[in-house]
Amino acid sequence: MKKLMEAINHPVQAFQEERKVLSWCLVLLTVLINAVFEPVLRYCKNSNQGSIDYIHMLRLLVLGILSYVLICVGLWGICKCFGSKTTCKNHLFSWGITYIPTAICAVTVTVTEVFFYVFWNNVIWGMVFNIIFVGVLIWKILLFAIYLKEVAKLQGKACVGAGLLLCVIILLLAALNGFVGLKTPVL
Amino acid sequence: MKKNKSDIVIEALEMIKQDSTPTEQQKEQMLTYVLAKGKVVEPITKLEQIKRKIVETPWRFALLTSVVQTMVFTAIFGTRYTNLFLKIFGG
């Protein structure tokens with residue numbers, strides 16, 4: 001918990017210290033929310049509409065982890081083209097630290113999907129979810145920029161160039177994630 | 001004779017010693033110079049300060065921006081704006 005709070009409040013330090021365990025724990029948490037929490041919550045709400053598809057759950061677990069590996073390889077490849085000397089292993093053990101907002105988004109998406117009609121046309125809940133979604137998006141973008149500077153060690157135009165190319169890859173992978181059933185992209 | 005010679009040598013050595021040590025005024029000047037050099041610090045602009053705060057704890061800036069945009073756009077558009085987000089993210 002202490003390490004998690006440190007990663008939230010001092011991401012630069014967390015990137016520099018390469019918190020492997022924390023990184024992978026956050027990734028697994030995000031994948032579990034997508035693959036396990038969502039179907040279980042949906043089943044709890046509509047228990048008379050069939051059973052939980054365990055094969056689909058397992059498939060999403062594997063695809064979620066694969067998505068994380070793919071984005072790390074993408075990060076390594078693009079950053080290497082722009083002069084970064086960071087190894088793929090470093091990316092695999094550091095990128096997961098940016099998954100705190102992703103995990104929060106996964107929980108929020110799950111809750112809003114399952115209990116959609118509870119929140120529809122409700123100003124207060126609408127504002128709360130609005131704050132969460134936009135806040136999480138801005139947070140992730142800031143962590144992405146800090147990551148490129150602190151872990152990939154890119155500066156100036158190289159950082160901007162790599163960032164733009166990676167945005168395109170992220171959008172493509174996000175579409176692929178949605179296609180395979182991961183409602184919150186594991187990116 | 002010998003005593004006079006040694007006196008002269010001692011006097012000469014004392015004069016050399018006095019000439020090599022700085023006077024009080026020179027010591028003041030040297031101290032002022034060293035302090036002035038040590039005080040030179042690059043000025044940090046307001047923009048740089050804000051940037052450092054954002055990088056240090058990005059979640060605060062993200063939350064603040066999010067709250068402001070939600071308040072402003074919900075005040076203007078009402079539930080149409082909040083429903084839009086629920087439609088996109090909530091299916």
# chains A, B, ... in the order shown; residues from 1 in each chain; ligands from 1
>>> interface_residues(of="chain B", to="chain A", cutoff="6 Å", atoms="only C-alpha atoms", output="PyMOL selection string")
chain B and resi 56-57+59+62-63+66-67+79+82+90-91
>>> write_last_selection(atoms="all heavy atoms", output="PDB file, in the first residue's frame")
ATOM      1  N   GLU B  56       5.272  16.342 -10.525  1.00  0.00           N
ATOM      2  CA  GLU B  56       5.422  15.721  -9.195  1.00  0.00           C
ATOM      3  C   GLU B  56       4.190  14.914  -8.808  1.00  0.00           C
ATOM      4  O   GLU B  56       4.291  13.782  -8.362  1.00  0.00           O
ATOM      5  CB  GLU B  56       5.624  16.844  -8.183  1.00  0.00           C
ATOM      6  CG  GLU B  56       6.571  16.493  -7.066  1.00  0.00           C
ATOM      7  CD  GLU B  56       6.826  17.680  -6.170  1.00  0.00           C
ATOM      8  OE1 GLU B  56       7.696  18.483  -6.523  1.00  0.00           O
ATOM      9  OE2 GLU B  56       6.123  17.788  -5.161  1.00  0.00           O
ATOM     10  N   THR B  57       3.001  15.508  -8.928  1.00  0.00           N
ATOM     11  CA  THR B  57       1.749  14.797  -8.603  1.00  0.00           C
ATOM     12  C   THR B  57       0.740  15.044  -9.720  1.00  0.00           C
ATOM     13  O   THR B  57      -0.115  15.924  -9.601  1.00  0.00           O
ATOM     14  CB  THR B  57       1.156  15.264  -7.260  1.00  0.00           C
ATOM     15  OG1 THR B  57       1.198  16.697  -7.237  1.00  0.00           O
ATOM     16  CG2 THR B  57       1.907  14.699  -6.077  1.00  0.00           C
ATOM     17  N   TRP B  59      -1.855  13.494 -10.691  1.00  0.00           N
ATOM     18  CA  TRP B  59      -3.274  13.202 -10.449  1.00  0.00           C
ATOM     19  C   TRP B  59      -4.029  14.427  -9.946  1.00  0.00           C
ATOM     20  O   TRP B  59      -5.219  14.579 -10.218  1.00  0.00           O
ATOM     21  CB  TRP B  59      -3.437  12.020  -9.485  1.00  0.00           C
ATOM     22  CG  TRP B  59      -2.986  12.258  -8.083  1.00  0.00           C
ATOM     23  CD1 TRP B  59      -1.749  12.004  -7.566  1.00  0.00           C
ATOM     24  CD2 TRP B  59      -3.758  12.778  -7.008  1.00  0.00           C
ATOM     25  NE1 TRP B  59      -1.710  12.354  -6.240  1.00  0.00           N
ATOM     26  CE2 TRP B  59      -2.930  12.817  -5.863  1.00  0.00           C
ATOM     27  CE3 TRP B  59      -5.072  13.218  -6.876  1.00  0.00           C
ATOM     28  CZ2 TRP B  59      -3.357  13.274  -4.641  1.00  0.00           C
ATOM     29  CZ3 TRP B  59      -5.509  13.684  -5.641  1.00  0.00           C
ATOM     30  CH2 TRP B  59      -4.651  13.715  -4.540  1.00  0.00           C
ATOM     31  N   ALA B  62      -4.837  16.558 -12.969  1.00  0.00           N
ATOM     32  CA  ALA B  62      -5.856  15.861 -13.761  1.00  0.00           C
ATOM     33  C   ALA B  62      -7.238  16.003 -13.100  1.00  0.00           C
ATOM     34  O   ALA B  62      -8.234  16.306 -13.763  1.00  0.00           O
ATOM     35  CB  ALA B  62      -5.508  14.376 -13.907  1.00  0.00           C
ATOM     36  N   LEU B  63      -7.275  15.825 -11.795  1.00  0.00           N
ATOM     37  CA  LEU B  63      -8.553  15.914 -11.064  1.00  0.00           C
ATOM     38  C   LEU B  63      -9.098  17.336 -11.106  1.00  0.00           C
ATOM     39  O   LEU B  63     -10.292  17.546 -11.358  1.00  0.00           O
ATOM     40  CB  LEU B  63      -8.336  15.468  -9.614  1.00  0.00           C
ATOM     41  CG  LEU B  63      -9.565  15.399  -8.725  1.00  0.00           C
ATOM     42  CD1 LEU B  63     -10.503  14.315  -9.220  1.00  0.00           C
ATOM     43  CD2 LEU B  63      -9.167  15.100  -7.278  1.00  0.00           C
ATOM     44  N   SER B  66     -10.378  18.137 -14.555  1.00  0.00           N
ATOM     45  CA  SER B  66     -11.595  17.357 -14.781  1.00  0.00           C
ATOM     46  C   SER B  66     -12.799  17.982 -14.062  1.00  0.00           C
ATOM     47  O   SER B  66     -13.880  18.094 -14.648  1.00  0.00           O
ATOM     48  CB  SER B  66     -11.349  15.934 -14.291  1.00  0.00           C
ATOM     49  OG  SER B  66     -12.435  15.130 -14.577  1.00  0.00           O
ATOM     50  N   VAL B  67     -12.589  18.375 -12.826  1.00  0.00           N
ATOM     51  CA  VAL B  67     -13.687  18.987 -12.041  1.00  0.00           C
ATOM     52  C   VAL B  67     -14.146  20.291 -12.694  1.00  0.00           C
ATOM     53  O   VAL B  67     -15.349  20.523 -12.860  1.00  0.00           O
ATOM     54  CB  VAL B  67     -13.242  19.232 -10.576  1.00  0.00           C
ATOM     55  CG1 VAL B  67     -14.201  20.133  -9.847  1.00  0.00           C
ATOM     56  CG2 VAL B  67     -13.106  17.916  -9.831  1.00  0.00           C
ATOM     57  N   THR B  79     -27.776  17.691 -18.428  1.00  0.00           N
ATOM     58  CA  THR B  79     -27.646  16.226 -18.488  1.00  0.00           C
ATOM     59  C   THR B  79     -27.264  15.728 -19.875  1.00  0.00           C
ATOM     60  O   THR B  79     -26.793  14.592 -20.002  1.00  0.00           O
ATOM     61  CB  THR B  79     -28.952  15.537 -18.042  1.00  0.00           C
ATOM     62  OG1 THR B  79     -30.035  16.082 -18.784  1.00  0.00           O
ATOM     63  CG2 THR B  79     -29.177  15.690 -16.544  1.00  0.00           C
ATOM     64  N   THR B  82     -23.545  15.062 -19.541  1.00  0.00           N
ATOM     65  CA  THR B  82     -23.204  13.905 -18.699  1.00  0.00           C
ATOM     66  C   THR B  82     -23.686  12.601 -19.336  1.00  0.00           C
ATOM     67  O   THR B  82     -22.992  11.594 -19.276  1.00  0.00           O
ATOM     68  CB  THR B  82     -23.803  14.052 -17.287  1.00  0.00           C
ATOM     69  OG1 THR B  82     -25.211  14.254 -17.396  1.00  0.00           O
ATOM     70  CG2 THR B  82     -23.173  15.203 -16.532  1.00  0.00           C
ATOM     71  N   GLY B  90     -20.162   3.963 -21.001  1.00  0.00           N
ATOM     72  CA  GLY B  90     -20.999   2.982 -20.327  1.00  0.00           C
ATOM     73  C   GLY B  90     -21.791   2.113 -21.267  1.00  0.00           C
ATOM     74  O   GLY B  90     -22.626   1.331 -20.839  1.00  0.00           O
ATOM     75  N   GLY B  91     -21.506   2.195 -22.531  1.00  0.00           N
ATOM     76  CA  GLY B  91     -22.212   1.381 -23.524  1.00  0.00           C
ATOM     77  C   GLY B  91     -23.529   2.030 -23.861  1.00  0.00           C
ATOM     78  O   GLY B  91     -24.369   1.503 -24.473  1.00  0.00           O
TER      79      GLY B  91
END
>>> residues_around(residues="region 68-84 of chain A", least_positions_apart="5", cutoff="12 Å", atoms="only C-alpha atoms", output="PyMOL selection string")
chain A and resi 23-24+26-28+30-31+61-63+89-99+102+144+147-174+176-177+182+185-187
>>> closest_residue(among="A:Tyr54, A:Phe15, A:Met5, A:Cys25", to="Pro39 (chain A)", atoms="only C-alpha atoms")
A:Tyr54
>>> decode(residues="region 25-37 of chain B", atoms="all heavy atoms", output="compact mmCIF listing (two decimals), in the first residue's frame")
# COMPACT_ATOMS: atom_id res chain seq x y z
N GLN B 25 40.96 45.69 4.31
CA GLN B 25 40.13 46.13 3.17
C GLN B 25 40.13 45.06 2.08
O GLN B 25 39.08 44.74 1.49
CB GLN B 25 40.71 47.43 2.61
CG GLN B 25 39.70 48.19 1.76
CD GLN B 25 40.31 49.39 1.09
OE1 GLN B 25 41.54 49.62 1.18
NE2 GLN B 25 39.51 50.14 0.41
N GLN B 26 41.31 44.51 1.82
CA GLN B 26 41.42 43.46 0.80
C GLN B 26 40.64 42.22 1.21
O GLN B 26 39.99 41.58 0.38
CB GLN B 26 42.89 43.08 0.58
CG GLN B 26 43.64 44.09 -0.27
CD GLN B 26 45.11 43.77 -0.37
OE1 GLN B 26 45.69 43.15 0.54
NE2 GLN B 26 45.73 44.20 -1.45
N LYS B 27 40.69 41.89 2.50
CA LYS B 27 39.94 40.73 3.00
C LYS B 27 38.44 40.95 2.81
O LYS B 27 37.71 40.05 2.40
CB LYS B 27 40.22 40.53 4.50
CG LYS B 27 41.53 39.84 4.81
CD LYS B 27 41.68 39.65 6.30
CE LYS B 27 43.05 39.15 6.65
NZ LYS B 27 43.28 39.11 8.11
N GLU B 28 37.96 42.18 3.08
CA GLU B 28 36.53 42.52 2.90
C GLU B 28 36.14 42.35 1.44
O GLU B 28 35.08 41.79 1.13
CB GLU B 28 36.28 43.97 3.31
CG GLU B 28 36.13 44.18 4.80
CD GLU B 28 34.87 43.55 5.37
OE1 GLU B 28 33.82 43.53 4.68
OE2 GLU B 28 34.93 43.05 6.50
N GLN B 29 36.99 42.83 0.57
CA GLN B 29 36.71 42.75 -0.88
C GLN B 29 36.63 41.30 -1.34
O GLN B 29 35.73 40.92 -2.09
CB GLN B 29 37.80 43.46 -1.67
CG GLN B 29 37.64 44.97 -1.73
CD GLN B 29 38.76 45.64 -2.48
OE1 GLN B 29 39.78 45.00 -2.82
NE2 GLN B 29 38.62 46.92 -2.71
N MET B 30 37.56 40.48 -0.86
CA MET B 30 37.58 39.06 -1.25
C MET B 30 36.32 38.36 -0.76
O MET B 30 35.70 37.57 -1.47
CB MET B 30 38.82 38.37 -0.65
CG MET B 30 40.06 38.70 -1.44
SD MET B 30 41.51 37.69 -1.10
CE MET B 30 41.66 37.64 0.61
N LEU B 31 35.92 38.66 0.48
CA LEU B 31 34.73 38.04 1.06
C LEU B 31 33.47 38.42 0.27
O LEU B 31 32.63 37.58 -0.03
CB LEU B 31 34.59 38.47 2.53
CG LEU B 31 33.42 37.87 3.30
CD1 LEU B 31 33.57 36.36 3.42
CD2 LEU B 31 33.31 38.50 4.68
N THR B 32 33.37 39.70 -0.07
CA THR B 32 32.21 40.19 -0.85
C THR B 32 32.14 39.47 -2.21
O THR B 32 31.08 39.05 -2.65
CB THR B 32 32.30 41.71 -1.08
OG1 THR B 32 32.67 42.33 0.13
CG2 THR B 32 30.98 42.28 -1.57
N TYR B 33 33.28 39.31 -2.83
CA TYR B 33 33.36 38.66 -4.14
C TYR B 33 32.91 37.20 -4.05
O TYR B 33 32.10 36.73 -4.86
CB TYR B 33 34.79 38.75 -4.68
CG TYR B 33 34.98 38.08 -6.02
CD1 TYR B 33 34.45 38.63 -7.18
CD2 TYR B 33 35.66 36.86 -6.11
CE1 TYR B 33 34.62 38.01 -8.40
CE2 TYR B 33 35.83 36.24 -7.34
CZ TYR B 33 35.32 36.82 -8.47
OH TYR B 33 35.48 36.19 -9.69
N VAL B 34 33.41 36.49 -3.05
CA VAL B 34 33.08 35.06 -2.89
C VAL B 34 31.58 34.90 -2.61
O VAL B 34 30.90 34.03 -3.18
CB VAL B 34 33.93 34.43 -1.76
CG1 VAL B 34 33.38 33.09 -1.34
CG2 VAL B 34 35.36 34.28 -2.21
N LEU B 35 31.04 35.76 -1.76
CA LEU B 35 29.60 35.68 -1.42
C LEU B 35 28.74 35.98 -2.65
O LEU B 35 27.73 35.32 -2.89
CB LEU B 35 29.26 36.65 -0.29
CG LEU B 35 29.72 36.23 1.11
CD1 LEU B 35 29.48 37.35 2.11
CD2 LEU B 35 29.02 34.96 1.57
N ALA B 36 29.16 36.96 -3.43
CA ALA B 36 28.40 37.33 -4.64
C ALA B 36 28.39 36.17 -5.63
O ALA B 36 27.36 35.85 -6.22
CB ALA B 36 29.01 38.57 -5.27
N LYS B 37 29.50 35.51 -5.80
CA LYS B 37 29.59 34.37 -6.73
C LYS B 37 28.72 33.21 -6.25
O LYS B 37 28.07 32.54 -7.04
CB LYS B 37 31.05 33.89 -6.84
CG LYS B 37 31.87 34.67 -7.82
CD LYS B 37 31.49 34.33 -9.23
CE LYS B 37 32.28 35.16 -10.22
NZ LYS B 37 31.72 35.10 -11.56
